[in-house]
Amino acid sequence: MTIEQLLQETTAKAVKELFEADFPQTQIIINETRKEFDGELTVVVFPFVKIAKKKPEDVGDAIGTYLKSEIDQIESFNVIKGFLNLSFVDDFWINKFGELAKKENYGVQESNGKTVVLEYCGPNTNKPLHLGHIRNMVLGYSVANLLTATGHEVHKVNILNDRGIAICKSMLAWQKFGEGATPESTGKKGDHLVGEFYVKFNAVLEEEYSFWKDSDAANEKFKEWLNSKEAKKLKEEYKGEEVLKKDFFKSYSNNYFNEHSALGKETKAMLQKWEAGDSEVRALWEKMNNWVYDGFNQTYERLGIDFEEVYKESEYYEAGKSMVIEGLEKELFYQKDDKSIWTDLEAYKLDKKLLLRKDGTSVYLTQDLAVAQARYDKYKMDISIYTVGDEQDYHFKALKAVLSQMNKAYAEGVYHLSYGMIDLPGGAKMKSREGTVVDADDLIEEVVAKAKQATLESGKIEDFSTEQADKLFEILGVGAIRFFILSIDPKKRMTFDPAQSVELQGFTGPYIQYSYARTQSVLRKYAKSPSTEIAINKLVAEEKDLVIQLNNYEKVVQEAAKQYEPSLIAHYVYNLAKSYNKFYAECPILKNDDEKITDFRVLLSQKVGEVIKKGLALLGIQSPERM
């Protein structure tokens, strides 16, 4: 039984005996005491005020007196309004520390019998990974670690969007302008090479569109539009035909691609050949996709990202169509006169959703139905987590609803791990077609370089070999990226700051990694394995603070897993590192006159280091032994 559970149980007894009322002990709130008040744990007494018909202070005083009489480890208490702050004797915290110091897998729970399939990354195979993918990957990877630590069986998977019109754009551009270029002949990563042709395609298309806008056909389309309701509304807001024309052609670009563009016709023809299984088109598709996969794998490896299984859209879209047809036959869905198939999701507080287009082609939802079924067939998962940006919130509500319509056993377990956009420094948005994304590989290179500069300026690795130093710079750079991103609530939009991320002081990954290295330095100087038998009976404030924080680790991990919220771990390890550095500065560890104190403080350093390392590992961050 944890101390929190003991306090809940005894507080419930206190309410029963003092106020003659039953109160569910699981609803009794126990918090850490705020730093500005005396105490270590706080019982929130506001819920009992109405029951007792007394002032919060009087209720707190009565319960505090009862708890002190029943629990020997409570040394004193104080009441601040509706908060009962409890202080415990040093022996209590020393015993708590002794217990956790002997645990081999502290912070890891036994199996809870729940299986999770967790999807993250989900790139298109027409361009390289970018900063948004990094946020996606480190978030999904960390949540997988949290769930594993709390007893779930987790299967990490990826989905590759490897077919469709966007993929054909890169392929057609390579055919027209590539001159046989390969990753080997150009010295470029495969995903970068293919991405350049995607950018090239859109540049040529924009040039083609610019010429077309001056044609008679374009002017006729503009004149037709001037009589539309949209145009009439805009006329009331704008003055001048030139402004209206600019607005029209900005919104008409997709129509141009589909209805007028020569490039558009060639691209759609290529897609149709792909759909028909044309051998030449399929061979080019496989070749260019393999270039991209090789490039992706290099980025995954550098970031420390892995997957148990990779799904490809091209292998599931046909199965998705079959599921939709089956649903239509069961009258779960309906077909319009144009042969397109839809579902009515009004019962789920959503609208009507397209499942198959009139030409029989699938949409993203169609593919996701088939992939979800394939995963259930293999893993029989209780929970399906999709790590995807918040712009797709509706999509996953619809996916869950359609699966529910189809009476799928796994529908209720669908969960969208949503996250906010991540911006360029300065606030600019990422746009793949213009080639102005924050490229993942470029970002890693930049942050590793900044980590190298900051570390060299610190002057603490003069005795490192070149190989050791380069390995350290890589660990610090990748760790800085991961920590900066994961330290922020994923639901919030954020801007990544490379320079700030590698600072050796403050709320950064390198600061915490340095703190871990400091604990290892203490252990090397101690030069023997510290005993877990503790011989002291008093704690100074800095020691008690560390022991209390260590005692909270398991609770923080459980809460972070419950909320799918790695930032709770990021804040925890930062506060632990900060407290350790204060302890290190103010409490002599190896240089004091009492051997028992030395032994205890070395053991405390060892356990702090272990928990920092565990916490960083949950975030996917390595802990260097020396810095």
# chains A, B, ... in the order shown; residues from 1 in each chain; ligands from 1
$ residues_around --residues "A:Glu559" --least-positions-apart "5" --cutoff "12 Å" --atoms "only C-alpha atoms" --output "VMD selection string"
chain A and resid 107 143 146 to 147 149 to 150 552 to 554 564 to 569 572
$ write_last_selection --atoms "C-alpha atoms" --output "mmCIF file, in the first residue's frame"
data_model
loop_
_atom_site.group_PDB
_atom_site.id
_atom_site.type_symbol
_atom_site.label_atom_id
_atom_site.label_comp_id
_atom_site.auth_asym_id
_atom_site.auth_seq_id
_atom_site.Cartn_x
_atom_site.Cartn_y
_atom_site.Cartn_z
ATOM 1 C CA GLY A 107 8.924 2.342 -12.160
ATOM 2 C CA VAL A 143 3.801 7.210 -25.480
ATOM 3 C CA LEU A 146 5.041 4.940 -21.239
ATOM 4 C CA LEU A 147 2.383 2.350 -21.985
ATOM 5 C CA ALA A 149 6.285 0.733 -18.596
ATOM 6 C CA THR A 150 2.760 0.618 -17.163
ATOM 7 C CA ASN A 552 6.884 10.074 -6.774
ATOM 8 C CA TYR A 553 8.441 8.602 -9.924
ATOM 9 C CA GLU A 554 6.102 5.642 -10.324
ATOM 10 C CA TYR A 564 -0.689 10.004 -23.074
ATOM 11 C CA GLU A 565 1.360 12.990 -21.919
ATOM 12 C CA PRO A 566 5.210 12.694 -22.080
ATOM 13 C CA SER A 567 5.614 16.316 -20.960
ATOM 14 C CA LEU A 568 4.838 15.151 -17.393
ATOM 15 C CA ILE A 569 7.993 13.029 -17.548
ATOM 16 C CA TYR A 572 9.651 15.511 -13.636
#
$ residues_around --residues "A:Phe333" --least-positions-apart "2" --cutoff "8 Å" --atoms "only C-alpha atoms" --output "list in words"
Val324, Gly327, Leu328, Lys330, Glu331, Gln335, Ile341, Trp342, Thr343 and Asp344 of chain A
$ residues_around --residues "stretch 496-511 of chain A" --least-positions-apart "4" --cutoff "10 Å" --atoms "only C-alpha atoms" --output "number ranges by chain"
A: 131, 135, 422-427, 443-444, 446-455, 458, 475-485, 487, 515-517, 570-571, 573-575, 577-578, 616, 621-624, 627
$ closest_residue --among "A:Met137, A:Lys127, A:Glu17, A:Val194" --to "A:Thr387" --atoms "only C-alpha atoms"
A:Met137
$ residues_around --residues "A:Ile305" --least-positions-apart "3" --cutoff "8 Å" --atoms "only C-alpha atoms" --output "JSON, numbers by chain"
{"A": [137, 138, 141, 300, 301, 302]}
$ select_by_dssp --residues "stretch 269-450 of chain A" --states "strand (DSSP E or B)" --output "number ranges by chain"
A: 309-312, 334-335, 341-344, 352-356, 362, 383-389, 414-419, 422-423, 439
$ atom_distance --atom1 "atom CA of A:Leu263" --atom2 "atom CA of A:Leu365"
27.6 Å
$ select_by_dssp --residues "stretch 14-192 of chain A" --states "alpha helix (DSSP H)" --output "ChimeraX atom specification"
/A:14-19,46-52,56-70,90-101,131-149,165-177,183-186,190-192
